[in-house]
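The file start_14.txt comes next; it holds compact mmCIF, C-alpha atoms.
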```txt
# COMPACT_ATOMS: atom_id res chain seq x y z
CA MET H 1 78.39 148.48 22.50
CA PRO H 2 78.30 152.26 23.07
CA GLN H 3 76.46 154.44 20.62
CA SER H 4 78.79 155.76 17.92
CA HIS H 5 78.59 159.54 17.63
CA PHE H 6 79.60 161.65 14.64
CA ALA H 7 83.34 162.29 14.42
CA PRO H 8 85.47 164.14 11.87
CA PRO H 9 87.80 162.30 9.48
CA GLY H 10 91.44 161.94 10.42
CA PRO H 11 94.06 161.33 11.33
CA LEU H 12 95.30 164.78 10.26
CA GLY H 13 93.08 167.85 10.30
CA PHE H 14 93.70 171.58 9.95
CA GLY H 15 93.34 173.96 12.90
CA GLY H 16 92.36 177.52 12.05
CA ALA H 17 93.80 179.57 14.94
CA PRO H 18 97.07 180.45 13.12
CA LEU H 19 95.10 181.88 10.18
CA GLY H 20 93.42 184.33 12.54
CA ASN H 21 96.82 186.06 12.80
CA MET H 22 97.81 184.22 15.98
CA PHE H 23 100.99 185.85 17.36
CA GLY H 24 101.65 187.56 14.01
CA VAL H 25 100.08 188.77 10.78
CA VAL H 26 99.56 186.20 8.02
CA SER H 27 99.00 187.51 4.50
CA GLU H 28 95.94 186.52 2.51
CA GLU H 29 98.17 184.74 0.00
CA THR H 30 99.93 182.77 2.74
CA ALA H 31 96.65 181.74 4.36
CA GLU H 32 95.18 180.64 1.03
CA ALA H 33 98.30 178.62 0.20
CA ALA H 34 98.23 176.88 3.60
CA LEU H 35 94.61 175.81 3.20
CA GLY H 36 95.23 174.69 -0.38
CA ALA H 37 98.22 172.63 0.73
CA ALA H 38 96.10 171.00 3.43
CA TRP H 39 93.56 169.94 0.84
CA ASP H 40 96.25 168.70 -1.54
CA THR H 41 97.83 166.54 1.20
CA GLY H 42 94.49 164.85 1.88
CA VAL H 43 93.19 166.83 4.86
CA ARG H 44 89.40 166.72 4.94
CA TYR H 45 88.69 168.13 8.40
CA PHE H 46 88.93 171.88 8.98
CA ASP H 47 88.34 173.63 12.33
CA THR H 48 87.93 177.35 12.91
CA ALA H 49 86.20 179.76 15.33
CA PRO H 50 84.80 183.31 15.48
CA HIS H 51 87.41 184.15 18.15
CA TYR H 52 90.32 183.50 15.78
CA GLY H 53 91.14 186.98 14.51
CA SER H 54 87.64 188.26 15.38
CA GLY H 55 86.17 186.46 12.38
CA LEU H 56 89.24 186.56 10.13
CA SER H 57 89.93 182.81 10.24
CA GLU H 58 86.33 181.98 9.30
CA HIS H 59 86.49 184.43 6.39
CA ARG H 60 89.68 182.83 5.13
CA PHE H 61 88.36 179.29 5.51
CA GLY H 62 85.22 180.08 3.54
CA HIS H 63 87.15 181.85 0.79
CA VAL H 64 89.18 178.71 0.09
CA LEU H 65 86.80 175.90 1.03
CA ARG H 66 84.03 177.22 -1.23
CA ARG H 67 86.02 176.00 -4.21
CA TYR H 68 85.78 172.34 -3.11
CA PRO H 69 82.74 170.01 -3.14
CA ARG H 70 80.98 170.58 0.18
CA GLU H 71 80.22 166.89 0.75
CA GLU H 72 83.94 166.03 0.61
CA PHE H 73 85.05 167.74 3.84
CA VAL H 74 83.98 168.24 7.45
CA LEU H 75 83.92 171.74 8.92
CA SER H 76 83.70 172.76 12.56
CA THR H 77 83.42 176.14 14.24
CA LYS H 78 82.56 177.36 17.72
CA VAL H 79 80.07 179.31 19.82
CA GLY H 80 80.40 181.15 23.11
CA ARG H 81 81.34 184.59 21.81
CA ILE H 82 79.26 187.07 19.82
CA MET H 83 81.31 189.33 17.54
CA ARG H 84 80.07 192.91 17.87
CA PRO H 85 81.07 195.53 15.25
CA ASP H 86 83.64 197.91 16.73
CA PRO H 87 85.45 200.43 14.48
CA SER H 88 88.23 200.77 17.06
CA ALA H 89 89.27 197.17 16.21
CA PRO H 90 90.08 196.32 19.85
CA GLU H 91 92.95 193.99 20.69
CA ASN H 92 92.06 190.31 20.84
CA PRO H 93 95.22 188.56 22.09
CA PRO H 94 96.92 186.36 21.05
CA PHE H 95 95.55 187.49 17.65
CA VAL H 96 96.82 190.63 15.95
CA GLY H 97 95.42 192.67 13.10
CA GLY H 98 92.06 190.92 13.06
CA LEU H 99 88.73 192.18 11.81
CA PRO H 100 86.99 195.19 13.48
CA PHE H 101 84.81 193.23 15.88
CA ARG H 102 84.74 192.88 19.66
CA GLY H 103 84.05 189.48 21.18
CA GLU H 104 81.55 189.18 24.04
CA TYR H 105 81.05 185.91 25.88
CA ASP H 106 77.54 184.56 25.40
CA TYR H 107 76.62 180.96 26.24
CA THR H 108 72.85 181.46 26.07
CA TYR H 109 70.40 179.73 23.73
CA ASP H 110 69.70 182.88 21.71
CA GLY H 111 73.36 183.87 21.65
CA THR H 112 74.30 180.45 20.31
CA MET H 113 71.73 180.61 17.53
CA ARG H 114 72.96 184.11 16.64
CA SER H 115 76.58 182.93 16.65
CA VAL H 116 75.87 180.03 14.29
CA GLU H 117 74.03 182.33 11.87
CA ASP H 118 76.90 184.81 11.98
CA SER H 119 79.37 182.02 11.22
CA TYR H 120 77.37 181.03 8.12
CA GLN H 121 77.73 184.61 6.89
CA ARG H 122 81.45 184.87 7.61
CA LEU H 123 82.16 181.49 6.02
CA GLY H 124 79.86 182.00 3.05
CA LEU H 125 78.91 178.33 3.40
CA ALA H 126 75.47 176.87 4.01
CA ARG H 127 76.55 173.95 6.21
CA ILE H 128 78.58 173.55 9.38
CA ASP H 129 79.10 169.97 10.53
CA ILE H 130 80.30 170.32 14.14
CA VAL H 131 79.89 173.18 16.63
CA TYR H 132 81.98 173.34 19.79
CA ILE H 133 81.19 175.43 22.89
CA HIS H 134 84.41 177.43 23.12
CA ASP H 135 86.72 178.18 26.07
CA LEU H 136 84.18 177.37 28.78
CA ALA H 137 86.75 176.41 31.41
CA ALA H 138 88.69 177.76 34.38
CA ASP H 139 91.60 178.97 32.25
CA HIS H 140 89.31 181.60 30.68
CA HIS H 141 86.70 182.24 33.38
CA GLY H 142 88.35 181.38 36.69
CA ASP H 143 86.00 180.22 39.43
CA ALA H 144 83.01 181.55 37.49
CA TRP H 145 83.28 178.80 34.89
CA LYS H 146 80.97 176.39 36.70
CA ALA H 147 78.12 178.90 36.88
CA LEU H 148 78.66 179.73 33.21
CA PHE H 149 78.71 176.01 32.45
CA ASP H 150 75.21 175.69 33.88
CA VAL H 151 74.13 178.59 31.67
CA ALA H 152 75.63 176.80 28.67
CA MET H 153 73.96 173.47 29.42
CA ASN H 154 70.58 175.21 29.56
CA GLY H 155 71.42 177.50 26.64
CA ALA H 156 74.18 176.65 24.16
CA ALA H 157 73.95 172.88 24.56
CA ARG H 158 70.16 172.91 24.22
CA ALA H 159 70.44 174.99 21.05
CA LEU H 160 73.07 172.70 19.54
CA ILE H 161 71.12 169.55 20.40
CA ARG H 162 68.13 171.06 18.63
CA LEU H 163 70.25 171.86 15.56
CA ARG H 164 71.66 168.33 15.61
CA ASP H 165 68.25 166.71 16.00
CA GLU H 166 66.92 168.80 13.10
CA GLY H 167 69.83 167.72 10.92
CA VAL H 168 71.30 171.23 10.65
CA ILE H 169 74.59 170.09 12.22
CA LYS H 170 75.95 166.58 12.72
CA GLY H 171 77.46 166.95 16.17
CA TRP H 172 78.44 169.22 19.04
CA GLY H 173 80.77 169.25 22.01
CA MET H 174 83.22 171.35 24.01
CA GLY H 175 86.27 173.11 22.55
CA VAL H 176 88.54 173.65 25.57
CA ASN H 177 92.04 173.35 27.03
CA LEU H 178 91.04 171.45 30.19
CA THR H 179 89.44 168.05 30.73
CA GLU H 180 86.89 168.87 33.45
CA PRO H 181 84.36 170.67 31.20
CA CYS H 182 84.34 167.67 28.87
CA GLU H 183 83.79 165.26 31.76
CA ARG H 184 80.99 167.43 33.10
CA ALA H 185 79.35 167.64 29.66
CA LEU H 186 79.31 163.83 29.47
CA GLU H 187 77.69 163.69 32.91
CA MET H 188 75.05 166.32 32.16
CA SER H 189 74.26 166.07 28.46
CA ASP H 190 74.76 164.18 25.20
CA PRO H 191 77.81 165.55 23.33
CA ASP H 192 79.27 163.90 20.24
CA VAL H 193 82.90 165.00 20.05
CA PHE H 194 85.34 167.17 21.96
CA LEU H 195 88.16 169.40 20.80
CA LEU H 196 90.73 169.20 23.57
CA ALA H 197 94.00 171.13 23.32
CA GLY H 198 97.19 170.29 25.18
CA ARG H 199 95.75 167.56 27.41
CA TYR H 200 96.91 164.54 25.45
CA SER H 201 100.43 164.64 24.09
CA LEU H 202 103.77 162.89 24.23
CA LEU H 203 104.69 165.20 27.13
CA ASN H 204 101.58 164.86 29.30
CA GLN H 205 98.36 162.86 29.26
CA PRO H 206 95.89 164.15 31.89
CA ALA H 207 93.00 163.11 29.60
CA LEU H 208 94.06 159.48 29.86
CA ASP H 209 92.88 158.74 33.40
CA ARG H 210 89.21 159.75 33.37
CA LEU H 211 88.07 161.56 30.24
CA PHE H 212 89.19 159.05 27.62
CA PRO H 213 87.58 156.06 29.41
CA MET H 214 84.35 158.07 29.75
CA CYS H 215 84.46 158.86 26.03
CA ALA H 216 85.08 155.21 25.16
CA ASP H 217 82.09 154.16 27.25
CA ARG H 218 79.84 156.64 25.46
CA GLY H 219 81.16 156.28 21.90
CA VAL H 220 82.35 159.91 21.94
CA HIS H 221 85.50 160.92 20.08
CA VAL H 222 88.16 163.55 20.73
CA VAL H 223 89.98 165.89 18.37
CA VAL H 224 93.44 166.61 19.80
CA GLY H 225 94.60 170.20 19.48
CA GLY H 226 98.10 171.32 20.42
CA PRO H 227 99.88 168.00 19.78
CA TYR H 228 103.19 169.91 19.96
CA ASN H 229 102.23 171.49 23.33
CA SER H 230 102.43 175.09 22.06
CA GLY H 231 105.60 174.27 20.14
CA LEU H 232 107.80 172.64 22.79
CA LEU H 233 107.72 169.27 21.01
CA ALA H 234 108.51 171.00 17.72
CA GLY H 235 111.73 172.55 19.00
CA GLY H 236 110.29 175.71 20.55
CA ARG H 237 110.44 177.06 24.10
CA ASN H 238 106.71 177.47 24.87
CA PHE H 239 104.51 175.02 26.76
CA GLU H 240 100.78 175.72 27.17
CA TYR H 241 101.12 179.18 25.59
CA ARG H 242 103.92 180.39 27.90
CA GLU H 243 107.61 179.81 28.50
CA ALA H 244 108.15 176.15 29.28
CA PRO H 245 109.15 175.10 32.82
CA ALA H 246 112.57 173.52 33.18
CA GLU H 247 111.23 170.04 33.92
CA MET H 248 109.23 169.99 30.67
CA ILE H 249 112.26 171.12 28.70
CA ARG H 250 114.29 168.31 30.26
CA LYS H 251 111.59 165.78 29.41
CA ARG H 252 111.40 167.08 25.83
CA ASP H 253 115.17 166.81 25.48
CA ARG H 254 115.13 163.22 26.78
CA LEU H 255 112.34 162.31 24.35
CA ALA H 256 114.33 163.87 21.51
CA GLU H 257 117.46 161.96 22.53
CA ILE H 258 115.69 158.59 22.45
CA CYS H 259 113.95 159.43 19.18
CA GLY H 260 117.33 160.35 17.72
CA ARG H 261 118.75 156.95 18.66
CA HIS H 262 116.01 155.38 16.52
CA GLY H 263 116.38 157.83 13.64
CA VAL H 264 112.93 159.30 14.36
CA ASP H 265 111.95 162.97 14.23
CA LEU H 266 110.47 163.93 17.62
CA ARG H 267 107.66 165.73 15.80
CA SER H 268 106.68 162.49 14.03
CA ALA H 269 106.52 160.68 17.36
CA ALA H 270 104.46 163.52 18.85
CA LEU H 271 101.86 163.51 16.08
CA GLN H 272 101.57 159.75 15.71
CA PHE H 273 101.38 159.17 19.47
CA CYS H 274 98.35 161.47 19.75
CA ALA H 275 96.57 159.82 16.83
CA ALA H 276 97.07 156.27 18.13
CA HIS H 277 94.51 156.34 20.95
CA PRO H 278 91.21 154.78 19.82
CA VAL H 279 89.06 157.67 21.09
CA VAL H 280 91.08 160.19 19.05
CA ALA H 281 89.39 160.91 15.72
CA ALA H 282 91.85 163.52 14.44
CA ILE H 283 94.72 165.77 15.44
CA ILE H 284 95.01 169.41 14.37
CA PRO H 285 98.55 170.80 14.61
CA GLY H 286 98.72 174.50 13.87
CA ALA H 287 100.31 175.73 10.65
CA LYS H 288 100.52 179.14 9.00
CA HIS H 289 102.50 178.19 5.90
CA ALA H 290 102.01 175.68 3.12
CA ASP H 291 105.45 174.14 3.64
CA LYS H 292 104.62 173.48 7.31
CA VAL H 293 101.32 171.84 6.28
CA ARG H 294 103.17 169.55 3.89
CA GLU H 295 105.79 168.85 6.54
CA ASN H 296 103.12 167.80 9.05
CA ALA H 297 101.71 165.38 6.47
CA ARG H 298 105.17 163.92 5.90
CA LEU H 299 105.80 163.58 9.64
CA MET H 300 102.45 161.87 10.09
CA ALA H 301 103.30 159.30 7.42
CA ALA H 302 106.87 158.56 8.56
CA LYS H 303 107.67 155.03 9.70
CA ILE H 304 108.43 154.66 13.40
CA PRO H 305 109.97 151.43 14.77
CA GLN H 306 108.08 149.72 17.57
CA ALA H 307 111.31 149.69 19.55
CA LEU H 308 111.01 153.44 20.08
CA TRP H 309 107.73 153.10 21.96
CA GLU H 310 109.18 150.22 23.97
CA ASP H 311 112.13 152.39 25.00
CA LEU H 312 109.87 155.28 25.97
CA ASN H 313 107.82 152.89 28.10
CA ARG H 314 110.93 151.43 29.71
CA GLU H 315 112.21 154.93 30.56
CA GLY H 316 108.85 155.87 32.11
CA LEU H 317 108.39 158.71 29.62
CA ILE H 318 104.95 157.43 28.57
CA PRO H 319 102.52 155.34 30.62
CA ALA H 320 103.00 151.59 30.40
CA ASP H 321 99.50 150.84 29.15
CA VAL H 322 99.06 153.79 26.76
CA PRO H 323 98.09 152.91 23.16
CA THR H 324 100.96 153.45 20.73
CA PRO H 325 101.12 153.32 16.93
CA VAL H 326 101.47 149.88 15.35
```
Represent the structure contained in this file as structure tokens.
Amino acid sequence: MPQSHFAPPGPLGFGGAPLGNMFGVVSEETAEAALGAAWDTGVRYFDTAPHYGSGLSEHRFGHVLRRYPREEFVLSTKVGRIMRPDPSAPENPPFVGGLPFRGEYDYTYDGTMRSVEDSYQRLGLARIDIVYIHDLAADHHGDAWKALFDVAMNGAARALIRLRDEGVIKGWGMGVNLTEPCERALEMSDPDVFLLAGRYSLLNQPALDRLFPMCADRGVHVVVGGPYNSGLLAGGRNFEYREAPAEMIRKRDRLAEICGRHGVDLRSAALQFCAAHPVVAAIIPGAKHADKVRENARLMAAKIPQALWEDLNREGLIPADVPTPV
């Protein structure tokens, strides 16, 4: 049996990017209501990052989560950027109106220790459970990512392993949008859990072929971010943070048509599909508003007939051997 690593509680968690003013300003009252609704619907896993609004998301998380017993929830944040004070409040897309800090990539040992200490201060909490190495992949660094990955394995990963071994944190891993950094981390080090966005969904499953079997062999779990694929599976037009290609829109429309025949909301199928794989510990759909948080909880709990998954298999819309909800 593989060693069982620490994993957050699921199936539904709360992702903090929207509360960093992602794509638009969120008021303090709206952010507080969204986090409160998550708690009230039973969410006990909360993920944030310094990058989200240049510290704004962490501030908001701490403001709300401090009112709850610390032992009753799991909190994750990220390293890989140091937030430097900058009165000019430089742009930090896709976040708008964030705090007056400028992010600088830093995957070194000392930079990681500094980042964790800074996160304690922004959160106003004395414990962080999971720390992910953030955005260390080709989509952010191009061809330079592999050289930076080596820096991180000798720096950030070594720092996080020390913090885990000392009992300061419970686990570490990669927080990325591509599978290769996670596979490489498994080959080179001893991670506990990955946060992987957009690589396992009802629309596409590139994590299924290599990464998920590797995780199963090592007892490592995955948190699935972006279960709606940047909104396409929730009725939007974006896929992977940009306008969706025509073939993905056609596939989404076909999925929606079959779900409709079974009286199932496509969003329910999208969430529950992601959560059904045994290596998936939790899913973290984004939400800015309390009503959307409550809606995600309702969609996650909705009953889905087994015949839907059989039809999707028969149509070739999901792989024949993929785990589906029971």
Legend entry - Residue with smallest distance to Glu58 (chain H) - pool H:Tyr120, H:Phe95, H:Phe149, H:Phe73, counting all atoms listed in the file: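 Among the listed residues, the smallest separation from Glu58 (chain H) belongs to H:Tyr120.
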Inset, instruction - Taking (105.9, 172.0, 21.8) in the file's own coordinates, collect the residues within 10 Å, counting all atoms listed in the file, and hand them back as an MDAnalysis selection string. - result: chainID H and resid 198 201:203 226:241 244 248:249 252 267 270
Inset, instruction - Compare H:Glu183, H:Glu247, H:Asp150, H:Asp40 by their minimum atom-to-atom distance to Leu208 (chain H), counting only C-alpha atoms, and give me the closest one. - result: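 For Leu208 (chain H), the nearest of the candidates is H:Glu183.
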Legend entry - Selected residue, from H:Ala147, H:Val279, H:Met22, H:Cys259, that lies nearest to Asp192 (chain H) when counting only C-alpha atoms: H:Val279
Inset, instruction - Please check which residues have atoms at most 12 Å from (90.4, 177.3, 32.0) in the file's coordinates, counting all atoms listed in the file, and write them as an MDAnalysis selection string. - result: chainID H and resid 134:146 149 175:182 196:198 240
Writing out the chosen residues with C-alpha atoms as a PDB file, in the frame of the given file:
```
ATOM      1  CA  HIS H 134      84.410 177.430  23.120  1.00  0.00           C
ATOM      2  CA  ASP H 135      86.720 178.180  26.070  1.00  0.00           C
ATOM      3  CA  LEU H 136      84.180 177.370  28.780  1.00  0.00           C
ATOM      4  CA  ALA H 137      86.750 176.410  31.410  1.00  0.00           C
ATOM      5  CA  ALA H 138      88.690 177.760  34.380  1.00  0.00           C
ATOM      6  CA  ASP H 139      91.600 178.970  32.250  1.00  0.00           C
ATOM      7  CA  HIS H 140      89.310 181.600  30.680  1.00  0.00           C
ATOM      8  CA  HIS H 141      86.700 182.240  33.380  1.00  0.00           C
ATOM      9  CA  GLY H 142      88.350 181.380  36.690  1.00  0.00           C
ATOM     10  CA  ASP H 143      86.000 180.220  39.430  1.00  0.00           C
ATOM     11  CA  ALA H 144      83.010 181.550  37.490  1.00  0.00           C
ATOM     12  CA  TRP H 145      83.280 178.800  34.890  1.00  0.00           C
ATOM     13  CA  LYS H 146      80.970 176.390  36.700  1.00  0.00           C
ATOM     14  CA  PHE H 149      78.710 176.010  32.450  1.00  0.00           C
ATOM     15  CA  GLY H 175      86.270 173.110  22.550  1.00  0.00           C
ATOM     16  CA  VAL H 176      88.540 173.650  25.570  1.00  0.00           C
ATOM     17  CA  ASN H 177      92.040 173.350  27.030  1.00  0.00           C
ATOM     18  CA  LEU H 178      91.040 171.450  30.190  1.00  0.00           C
ATOM     19  CA  THR H 179      89.440 168.050  30.730  1.00  0.00           C
ATOM     20  CA  GLU H 180      86.890 168.870  33.450  1.00  0.00           C
ATOM     21  CA  PRO H 181      84.360 170.670  31.200  1.00  0.00           C
ATOM     22  CA  CYS H 182      84.340 167.670  28.870  1.00  0.00           C
ATOM     23  CA  LEU H 196      90.730 169.200  23.570  1.00  0.00           C
ATOM     24  CA  ALA H 197      94.000 171.130  23.320  1.00  0.00           C
ATOM     25  CA  GLY H 198      97.190 170.290  25.180  1.00  0.00           C
ATOM     26  CA  GLU H 240     100.780 175.720  27.170  1.00  0.00           C
TER      27      GLU H 240
END
```
Legend entry - Pick from H:Ser57, H:Thr30, H:Gln121, H:Ser76 nearest to Tyr45 (chain H), counting all atoms listed in the file: H:Ser76
Legend entry - Residue nearest Met153 (chain H) - candidates H:Lys288, H:His277, H:Arg184, H:Arg298, atoms counted: all atoms listed in the file: H:Arg184
If you take all atoms listed in the file and a cut-off of 10 Å, which residues of region 37-141 of chain H touch region 9-13 of chain H, and what are their nearest atom pairs and distances in Å to one decimal, in chain and number order, as CSV?
```
residue,atom,partner,partner_atom,distance
H:Ala38,CA,H:Gly13,CA,8.1
H:Trp39,CA,H:Gly13,CA,9.7
H:Thr41,CA,H:Leu12,CA,9.6
H:Gly42,CA,H:Leu12,CA,8.4
H:Val43,CA,H:Gly13,CA,5.5
H:Arg44,CA,H:Pro9,CA,6.5
H:Tyr45,CA,H:Gly13,CA,4.8
H:Phe46,CA,H:Gly13,CA,5.9
H:Asp47,CA,H:Gly13,CA,7.7
H:Phe73,CA,H:Pro9,CA,8.3
H:Val74,CA,H:Pro9,CA,7.3
```
Legend entry - Point-to-point distance from CA of Arg60 (chain H) to CA of Ala31 (chain H), Å rounded to tenths: 7.1 Å
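If you measure from each of H:Pro50, H:Gly103, H:Gly286, H:Gly16 to Asp118 (chain H) using only C-alpha atoms, the closest one turns out to be H:Pro50.
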I want to know what sits within 10 Å of Phe6 (chain H), based on all atoms listed in the file, with residues of the same chain fewer than 5 positions away left out; could you give that as a short mmCIF file (atom, residue, chain, number, x, y, z; two decimals) with C-alpha atoms, keeping the file's coordinate frame?
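Written file, result-v3.cif:
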```
data_model
loop_
_atom_site.label_atom_id
_atom_site.label_comp_id
_atom_site.auth_asym_id
_atom_site.auth_seq_id
_atom_site.Cartn_x
_atom_site.Cartn_y
_atom_site.Cartn_z
CA ASP H 129 79.10 169.97 10.53
CA ILE H 130 80.30 170.32 14.14
CA LYS H 170 75.95 166.58 12.72
CA GLY H 171 77.46 166.95 16.17
CA TRP H 172 78.44 169.22 19.04
CA PRO H 191 77.81 165.55 23.33
CA ASP H 192 79.27 163.90 20.24
CA VAL H 193 82.90 165.00 20.05
CA GLY H 219 81.16 156.28 21.90
CA VAL H 220 82.35 159.91 21.94
CA HIS H 221 85.50 160.92 20.08
CA ALA H 281 89.39 160.91 15.72
#
```
Inset, instruction - Show which residues sit within 10 Å of Ser115 (chain H), as a list in words. Count all atoms listed in the file, and ignore same-chain residues fewer than 6 positions away. - result: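 The filter keeps Pro50, Thr77, Lys78, Val79, Gly80, Arg81, Ile82, Met83, Asp106, Tyr107, Tyr109 and Gln121 of chain H.
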Edge lengths and centre in Å, axis-aligned, region 253-270 of chain H plus 4 Å each side, as JSON:
```
{"center_x": 111.6, "center_y": 161.1, "center_z": 20.2, "size_x": 22.3, "size_y": 19.4, "size_z": 21.1}
```
